[in-house]
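J.: Contents are mmCIF, N, CA and C atoms; file name structure_12.cif:
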```
data_query
loop_
_atom_site.label_atom_id
_atom_site.label_comp_id
_atom_site.auth_asym_id
_atom_site.auth_seq_id
_atom_site.Cartn_x
_atom_site.Cartn_y
_atom_site.Cartn_z
N ALA A 26 -18.18 150.01 40.13
CA ALA A 26 -19.41 149.56 40.76
C ALA A 26 -20.55 149.62 39.76
N LYS A 27 -21.41 148.65 39.84
CA LYS A 27 -22.57 148.62 38.95
C LYS A 27 -23.58 149.68 39.37
N LEU A 28 -23.99 150.48 38.40
CA LEU A 28 -25.04 151.47 38.63
C LEU A 28 -26.41 150.88 38.32
N ALA A 29 -26.42 149.88 37.44
CA ALA A 29 -27.64 149.22 37.01
C ALA A 29 -27.27 147.79 36.62
N PRO A 30 -28.24 146.90 36.50
CA PRO A 30 -27.92 145.52 36.12
C PRO A 30 -27.14 145.41 34.81
N ALA A 31 -27.33 146.35 33.87
CA ALA A 31 -26.66 146.28 32.57
C ALA A 31 -25.35 147.06 32.52
N THR A 32 -24.92 147.65 33.63
CA THR A 32 -23.66 148.40 33.65
C THR A 32 -22.51 147.48 33.24
N ILE A 33 -21.67 147.96 32.33
CA ILE A 33 -20.52 147.18 31.88
C ILE A 33 -19.41 147.31 32.92
N VAL A 34 -19.02 146.19 33.50
CA VAL A 34 -17.95 146.21 34.50
C VAL A 34 -16.77 145.32 34.09
N ALA A 35 -16.97 144.44 33.15
CA ALA A 35 -15.88 143.57 32.69
C ALA A 35 -14.92 144.38 31.82
N LYS A 36 -13.64 144.35 32.15
CA LYS A 36 -12.64 145.15 31.44
C LYS A 36 -12.61 144.85 29.94
N ALA A 37 -12.64 143.59 29.58
CA ALA A 37 -12.58 143.21 28.16
C ALA A 37 -13.79 143.75 27.40
N LYS A 38 -14.95 143.65 27.99
CA LYS A 38 -16.17 144.16 27.34
C LYS A 38 -16.10 145.68 27.22
N LEU A 39 -15.64 146.35 28.26
CA LEU A 39 -15.53 147.81 28.22
C LEU A 39 -14.55 148.24 27.14
N ARG A 40 -13.42 147.56 27.03
CA ARG A 40 -12.44 147.89 25.98
C ARG A 40 -13.07 147.72 24.60
N SER A 41 -13.84 146.67 24.42
CA SER A 41 -14.51 146.42 23.15
C SER A 41 -15.51 147.53 22.83
N VAL A 42 -16.26 147.94 23.82
CA VAL A 42 -17.24 149.01 23.62
C VAL A 42 -16.54 150.33 23.28
N VAL A 43 -15.46 150.64 23.97
CA VAL A 43 -14.71 151.87 23.70
C VAL A 43 -14.16 151.85 22.27
N ARG A 44 -13.65 150.72 21.82
CA ARG A 44 -13.16 150.61 20.43
C ARG A 44 -14.30 150.89 19.45
N GLU A 45 -15.45 150.34 19.72
CA GLU A 45 -16.61 150.54 18.84
C GLU A 45 -17.04 152.01 18.83
N VAL A 46 -17.04 152.65 19.97
CA VAL A 46 -17.40 154.07 20.07
C VAL A 46 -16.41 154.91 19.26
N ARG A 47 -15.14 154.63 19.40
CA ARG A 47 -14.13 155.37 18.64
C ARG A 47 -14.32 155.18 17.14
N LYS A 48 -14.63 153.96 16.73
CA LYS A 48 -14.84 153.66 15.32
C LYS A 48 -16.07 154.39 14.78
N ASN A 49 -17.16 154.37 15.53
CA ASN A 49 -18.42 154.99 15.08
C ASN A 49 -18.44 156.50 15.24
N GLY A 50 -17.74 157.01 16.24
CA GLY A 50 -17.77 158.43 16.52
C GLY A 50 -18.94 158.85 17.40
N TRP A 51 -19.64 157.89 17.94
CA TRP A 51 -20.74 158.16 18.87
C TRP A 51 -20.96 156.94 19.74
N ALA A 52 -21.64 157.16 20.87
CA ALA A 52 -21.82 156.09 21.86
C ALA A 52 -23.31 155.83 22.11
N THR A 53 -23.58 154.66 22.63
CA THR A 53 -24.95 154.30 23.01
C THR A 53 -24.97 153.87 24.47
N SER A 54 -26.15 153.88 25.02
CA SER A 54 -26.36 153.36 26.36
C SER A 54 -27.65 152.54 26.34
N ASN A 55 -27.54 151.30 26.73
CA ASN A 55 -28.69 150.41 26.74
C ASN A 55 -28.98 150.01 28.19
N GLU A 56 -29.59 150.92 28.92
CA GLU A 56 -29.95 150.70 30.31
C GLU A 56 -28.72 150.44 31.18
N GLU A 57 -27.56 150.97 30.78
CA GLU A 57 -26.32 150.74 31.51
C GLU A 57 -26.15 151.67 32.70
N PHE A 58 -26.83 152.81 32.65
CA PHE A 58 -26.72 153.78 33.74
C PHE A 58 -28.00 153.80 34.57
N VAL A 59 -29.14 153.83 33.89
CA VAL A 59 -30.44 153.85 34.56
C VAL A 59 -31.32 152.78 33.92
N PRO A 60 -31.82 151.84 34.69
CA PRO A 60 -32.73 150.84 34.12
C PRO A 60 -33.94 151.55 33.50
N GLY A 61 -34.28 151.14 32.29
CA GLY A 61 -35.43 151.73 31.60
C GLY A 61 -35.08 152.91 30.72
N ASP A 62 -33.81 153.32 30.69
CA ASP A 62 -33.38 154.42 29.83
C ASP A 62 -32.40 153.92 28.78
N VAL A 63 -32.59 154.36 27.55
CA VAL A 63 -31.65 154.11 26.46
C VAL A 63 -31.24 155.45 25.89
N GLY A 64 -30.09 155.51 25.25
CA GLY A 64 -29.67 156.79 24.71
C GLY A 64 -28.43 156.69 23.86
N CYS A 65 -27.99 157.87 23.41
CA CYS A 65 -26.78 157.96 22.62
C CYS A 65 -26.16 159.33 22.85
N ALA A 66 -24.89 159.45 22.48
CA ALA A 66 -24.16 160.69 22.68
C ALA A 66 -23.07 160.84 21.63
N VAL A 67 -22.72 162.10 21.36
CA VAL A 67 -21.65 162.42 20.42
C VAL A 67 -20.68 163.38 21.12
N PRO A 68 -19.44 163.43 20.64
CA PRO A 68 -18.49 164.40 21.21
C PRO A 68 -18.71 165.78 20.59
N ILE A 69 -18.40 166.81 21.35
CA ILE A 69 -18.33 168.17 20.82
C ILE A 69 -16.85 168.48 20.75
N ARG A 70 -16.34 168.60 19.52
CA ARG A 70 -14.91 168.82 19.31
C ARG A 70 -14.67 170.23 18.78
N LEU A 71 -13.63 170.85 19.29
CA LEU A 71 -13.22 172.16 18.82
C LEU A 71 -12.44 172.01 17.51
N ALA A 72 -12.23 173.12 16.83
CA ALA A 72 -11.53 173.11 15.55
C ALA A 72 -10.14 172.50 15.66
N ASN A 73 -9.49 172.66 16.82
CA ASN A 73 -8.15 172.11 17.01
C ASN A 73 -8.17 170.62 17.36
N GLY A 74 -9.36 170.02 17.37
CA GLY A 74 -9.50 168.59 17.66
C GLY A 74 -9.71 168.28 19.12
N GLY A 75 -9.57 169.28 19.98
CA GLY A 75 -9.78 169.05 21.41
C GLY A 75 -11.22 168.75 21.74
N LEU A 76 -11.40 168.02 22.79
CA LEU A 76 -12.74 167.67 23.23
C LEU A 76 -13.27 168.75 24.16
N LEU A 77 -14.42 169.33 23.81
CA LEU A 77 -15.06 170.35 24.63
C LEU A 77 -16.03 169.71 25.62
N ALA A 78 -16.85 168.79 25.11
CA ALA A 78 -17.89 168.17 25.95
C ALA A 78 -18.53 167.03 25.17
N GLY A 79 -19.51 166.42 25.79
CA GLY A 79 -20.33 165.42 25.13
C GLY A 79 -21.75 165.92 25.09
N LEU A 80 -22.49 165.51 24.08
CA LEU A 80 -23.90 165.89 23.94
C LEU A 80 -24.70 164.61 23.72
N GLY A 81 -25.67 164.38 24.57
CA GLY A 81 -26.42 163.14 24.46
C GLY A 81 -27.89 163.31 24.76
N VAL A 82 -28.58 162.23 24.53
CA VAL A 82 -30.01 162.17 24.83
C VAL A 82 -30.30 160.81 25.46
N ALA A 83 -31.15 160.82 26.47
CA ALA A 83 -31.61 159.58 27.10
C ALA A 83 -33.12 159.61 27.09
N VAL A 84 -33.72 158.49 26.73
CA VAL A 84 -35.17 158.39 26.62
C VAL A 84 -35.65 157.10 27.28
N PRO A 85 -36.88 157.09 27.73
CA PRO A 85 -37.41 155.85 28.31
C PRO A 85 -37.49 154.75 27.25
N SER A 86 -37.03 153.56 27.60
CA SER A 86 -37.08 152.45 26.65
C SER A 86 -38.51 152.05 26.32
N ALA A 87 -39.47 152.47 27.11
CA ALA A 87 -40.87 152.20 26.80
C ALA A 87 -41.34 153.03 25.60
N ARG A 88 -40.64 154.14 25.31
CA ARG A 88 -41.02 155.01 24.19
C ARG A 88 -40.14 154.80 22.96
N THR A 89 -38.87 154.48 23.19
CA THR A 89 -37.91 154.32 22.11
C THR A 89 -37.06 153.10 22.41
N SER A 90 -37.00 152.19 21.46
CA SER A 90 -36.19 150.99 21.68
C SER A 90 -34.71 151.32 21.51
N PHE A 91 -33.87 150.46 22.03
CA PHE A 91 -32.43 150.64 21.89
C PHE A 91 -32.05 150.70 20.42
N ALA A 92 -32.67 149.89 19.59
CA ALA A 92 -32.37 149.88 18.16
C ALA A 92 -32.72 151.21 17.50
N GLN A 93 -33.64 151.95 18.07
CA GLN A 93 -34.09 153.22 17.48
C GLN A 93 -33.26 154.43 17.89
N VAL A 94 -32.43 154.31 18.93
CA VAL A 94 -31.71 155.50 19.42
C VAL A 94 -30.74 156.07 18.40
N LYS A 95 -30.24 155.25 17.49
CA LYS A 95 -29.30 155.77 16.49
C LYS A 95 -29.96 156.83 15.60
N ALA A 96 -31.27 156.89 15.57
CA ALA A 96 -31.97 157.91 14.79
C ALA A 96 -31.70 159.31 15.33
N PHE A 97 -31.29 159.43 16.58
CA PHE A 97 -30.98 160.73 17.17
C PHE A 97 -29.60 161.25 16.79
N VAL A 98 -28.73 160.38 16.31
CA VAL A 98 -27.33 160.74 16.07
C VAL A 98 -27.16 161.89 15.07
N PRO A 99 -27.83 161.90 13.92
CA PRO A 99 -27.61 163.02 12.99
C PRO A 99 -27.94 164.39 13.62
N ALA A 100 -29.03 164.48 14.36
CA ALA A 100 -29.38 165.75 15.00
C ALA A 100 -28.37 166.12 16.08
N LEU A 101 -27.90 165.13 16.83
CA LEU A 101 -26.89 165.40 17.86
C LEU A 101 -25.58 165.88 17.22
N LYS A 102 -25.17 165.24 16.13
CA LYS A 102 -23.94 165.65 15.46
C LYS A 102 -24.06 167.08 14.93
N SER A 103 -25.20 167.40 14.36
CA SER A 103 -25.43 168.75 13.85
C SER A 103 -25.36 169.77 14.98
N ALA A 104 -26.02 169.47 16.08
CA ALA A 104 -26.00 170.38 17.24
C ALA A 104 -24.58 170.50 17.80
N ALA A 105 -23.84 169.40 17.83
CA ALA A 105 -22.47 169.44 18.34
C ALA A 105 -21.59 170.35 17.50
N ILE A 106 -21.77 170.32 16.19
CA ILE A 106 -21.00 171.20 15.29
C ILE A 106 -21.34 172.66 15.57
N GLN A 107 -22.62 172.95 15.76
CA GLN A 107 -23.05 174.32 16.05
C GLN A 107 -22.51 174.80 17.39
N ILE A 108 -22.55 173.95 18.39
CA ILE A 108 -22.02 174.32 19.71
C ILE A 108 -20.53 174.57 19.65
N ALA A 109 -19.81 173.70 18.93
CA ALA A 109 -18.36 173.88 18.80
C ALA A 109 -18.05 175.19 18.09
N ALA A 110 -18.80 175.51 17.05
CA ALA A 110 -18.57 176.77 16.33
C ALA A 110 -18.84 177.97 17.22
N ALA A 111 -19.87 177.89 18.04
CA ALA A 111 -20.19 178.99 18.96
C ALA A 111 -19.14 179.13 20.07
N ALA A 112 -18.57 178.00 20.47
CA ALA A 112 -17.56 178.02 21.54
C ALA A 112 -16.24 178.59 21.05
N GLY A 113 -15.96 178.39 19.76
CA GLY A 113 -14.70 178.88 19.20
C GLY A 113 -13.51 178.13 19.76
N ASP A 114 -12.35 178.66 19.53
CA ASP A 114 -11.11 178.04 20.04
C ASP A 114 -10.52 178.94 21.02
#
```
Can you turn what I pasted into structure tokens?
T.:
Amino acid sequence: AKLAPATIVAKAKLRSVVREVRKNGWATSNEEFVPGDVGCAVPIRLANGGLLAGLGVAVPSARTSFAQVKAFVPALKSAAIQIAAAAGD
């Protein structure tokens, strides 16, 4: 079900987006969940490669454009590494 007008519901498009996320190692959201919000997220992975959680940020598109959200990725990746280290295995 669509959560917002930009929610991806087409299977082919979703598969394409998932491939891109896997390739990049991080994901974006362009008003797909909440109209007016853009954001990005990274995985928090444990030393054994398991997925612990995701860490993301969502901001109003009036303050940060979709093209600008990738600027948050380095800080998110750094925080994800610290969280994973604190969580241990």
J.: Identify, on the basis of only C-alpha atoms, every residue whose closest approach to A:Ala31 does not exceed 8 Å; exclude the query and any residue fewer than 3 positions from it along the same chain; express the result as a list of chain:residue names.
T.: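 Contacts, in chain order: A:Lys27, A:Asn55, A:Glu56, A:Glu57, A:Phe58, A:Pro60.
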J.: Report as a list in words the full result of the PyMOL selection byres ((chain A and resi 61-63) around 8) when it is applied to this structure.
T.: Thr53, Ser54, Asn55, Glu56, Glu57, Phe58, Val59, Pro60, Gly64, Cys65, Val82, Ala83, Val84, Pro85, Ser86, Ala87, Arg88, Thr89, Ser90, Phe91 and Val94 of chain A
J.: Under the rule that only C-alpha atoms are counted, which of A:Ala92, A:Ile106, A:Ile33, A:Ala26 is the nearest residue to A:Ala72?
T.: A:Ile106
J.: Between A:Ala96, A:Ala105, A:Leu39, A:Val34, which has the minimum distance to A:Pro68 (counting all atoms listed in the file)?
T.: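 Selected residue with least distance to A:Pro68: A:Ala105.
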J.: Just asking: which residues within chain A are alpha helix (DSSP H) according to DSSP, as a PyMOL selection string?
T.: chain A and resi 36-49+98-112
J.: Could you write out as a PyMOL selection string the residues that the PyMOL selection byres ((chain A and resi 78) around 5) matches in the shown file?
T.: chain A and resi 68-69+76-77+79-80
J.: Kindly export the residues of the current selection with N, CA and C atoms, as a PDB file, keeping the file's coordinate frame.
T.:
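To be explicit, this is the file written out as result-v6.pdb:
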```pdb
ATOM      1  N   PRO A  68     -19.440 163.430  20.640  1.00  0.00           N
ATOM      2  CA  PRO A  68     -18.490 164.400  21.210  1.00  0.00           C
ATOM      3  C   PRO A  68     -18.710 165.780  20.590  1.00  0.00           C
ATOM      4  N   ILE A  69     -18.400 166.810  21.350  1.00  0.00           N
ATOM      5  CA  ILE A  69     -18.330 168.170  20.820  1.00  0.00           C
ATOM      6  C   ILE A  69     -16.850 168.480  20.750  1.00  0.00           C
ATOM      7  N   LEU A  76     -11.400 168.020  22.790  1.00  0.00           N
ATOM      8  CA  LEU A  76     -12.740 167.670  23.230  1.00  0.00           C
ATOM      9  C   LEU A  76     -13.270 168.750  24.160  1.00  0.00           C
ATOM     10  N   LEU A  77     -14.420 169.330  23.810  1.00  0.00           N
ATOM     11  CA  LEU A  77     -15.060 170.350  24.630  1.00  0.00           C
ATOM     12  C   LEU A  77     -16.030 169.710  25.620  1.00  0.00           C
ATOM     13  N   GLY A  79     -19.510 166.420  25.790  1.00  0.00           N
ATOM     14  CA  GLY A  79     -20.330 165.420  25.130  1.00  0.00           C
ATOM     15  C   GLY A  79     -21.750 165.920  25.090  1.00  0.00           C
ATOM     16  N   LEU A  80     -22.490 165.510  24.080  1.00  0.00           N
ATOM     17  CA  LEU A  80     -23.900 165.890  23.940  1.00  0.00           C
ATOM     18  C   LEU A  80     -24.700 164.610  23.720  1.00  0.00           C
TER      19      LEU A  80
END
```
J.: Residues around (-27.9, 158.2, 15.9), cut-off 9 Å, counting only C-alpha atoms - what are they as a ChimeraX atom specification?
T.: /A:51-53,65-67,93-102
J.: Convert the current residue selection to file output with N, CA and C atoms, as a PDB file, in the coordinates of the input.
T.:
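The result, written out as again.pdb:
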```
ATOM      1  N   TRP A  51     -19.640 157.890  17.940  1.00  0.00           N
ATOM      2  CA  TRP A  51     -20.740 158.160  18.870  1.00  0.00           C
ATOM      3  C   TRP A  51     -20.960 156.940  19.740  1.00  0.00           C
ATOM      4  N   ALA A  52     -21.640 157.160  20.870  1.00  0.00           N
ATOM      5  CA  ALA A  52     -21.820 156.090  21.860  1.00  0.00           C
ATOM      6  C   ALA A  52     -23.310 155.830  22.110  1.00  0.00           C
ATOM      7  N   THR A  53     -23.580 154.660  22.630  1.00  0.00           N
ATOM      8  CA  THR A  53     -24.950 154.300  23.010  1.00  0.00           C
ATOM      9  C   THR A  53     -24.970 153.870  24.470  1.00  0.00           C
ATOM     10  N   CYS A  65     -27.990 157.870  23.410  1.00  0.00           N
ATOM     11  CA  CYS A  65     -26.780 157.960  22.620  1.00  0.00           C
ATOM     12  C   CYS A  65     -26.160 159.330  22.850  1.00  0.00           C
ATOM     13  N   ALA A  66     -24.890 159.450  22.480  1.00  0.00           N
ATOM     14  CA  ALA A  66     -24.160 160.690  22.680  1.00  0.00           C
ATOM     15  C   ALA A  66     -23.070 160.840  21.630  1.00  0.00           C
ATOM     16  N   VAL A  67     -22.720 162.100  21.360  1.00  0.00           N
ATOM     17  CA  VAL A  67     -21.650 162.420  20.420  1.00  0.00           C
ATOM     18  C   VAL A  67     -20.680 163.380  21.120  1.00  0.00           C
ATOM     19  N   GLN A  93     -33.640 151.950  18.070  1.00  0.00           N
ATOM     20  CA  GLN A  93     -34.090 153.220  17.480  1.00  0.00           C
ATOM     21  C   GLN A  93     -33.260 154.430  17.890  1.00  0.00           C
ATOM     22  N   VAL A  94     -32.430 154.310  18.930  1.00  0.00           N
ATOM     23  CA  VAL A  94     -31.710 155.500  19.420  1.00  0.00           C
ATOM     24  C   VAL A  94     -30.740 156.070  18.400  1.00  0.00           C
ATOM     25  N   LYS A  95     -30.240 155.250  17.490  1.00  0.00           N
ATOM     26  CA  LYS A  95     -29.300 155.770  16.490  1.00  0.00           C
ATOM     27  C   LYS A  95     -29.960 156.830  15.600  1.00  0.00           C
ATOM     28  N   ALA A  96     -31.270 156.890  15.570  1.00  0.00           N
ATOM     29  CA  ALA A  96     -31.970 157.910  14.790  1.00  0.00           C
ATOM     30  C   ALA A  96     -31.700 159.310  15.330  1.00  0.00           C
ATOM     31  N   PHE A  97     -31.290 159.430  16.580  1.00  0.00           N
ATOM     32  CA  PHE A  97     -30.980 160.730  17.170  1.00  0.00           C
ATOM     33  C   PHE A  97     -29.600 161.250  16.790  1.00  0.00           C
ATOM     34  N   VAL A  98     -28.730 160.380  16.310  1.00  0.00           N
ATOM     35  CA  VAL A  98     -27.330 160.740  16.070  1.00  0.00           C
ATOM     36  C   VAL A  98     -27.160 161.890  15.070  1.00  0.00           C
ATOM     37  N   PRO A  99     -27.830 161.900  13.920  1.00  0.00           N
ATOM     38  CA  PRO A  99     -27.610 163.020  12.990  1.00  0.00           C
ATOM     39  C   PRO A  99     -27.940 164.390  13.620  1.00  0.00           C
ATOM     40  N   ALA A 100     -29.030 164.480  14.360  1.00  0.00           N
ATOM     41  CA  ALA A 100     -29.380 165.750  15.000  1.00  0.00           C
ATOM     42  C   ALA A 100     -28.370 166.120  16.080  1.00  0.00           C
ATOM     43  N   LEU A 101     -27.900 165.130  16.830  1.00  0.00           N
ATOM     44  CA  LEU A 101     -26.890 165.400  17.860  1.00  0.00           C
ATOM     45  C   LEU A 101     -25.580 165.880  17.220  1.00  0.00           C
ATOM     46  N   LYS A 102     -25.170 165.240  16.130  1.00  0.00           N
ATOM     47  CA  LYS A 102     -23.940 165.650  15.460  1.00  0.00           C
ATOM     48  C   LYS A 102     -24.060 167.080  14.930  1.00  0.00           C
TER      49      LYS A 102
END
```
J.: Could you check how far atom CA of A:Ala104 sits from atom CA of A:Leu28, in Å to one decimal?
T.: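 If I compute the distance from atom CA of A:Ala104 to atom CA of A:Leu28, I get 28.6 Å.
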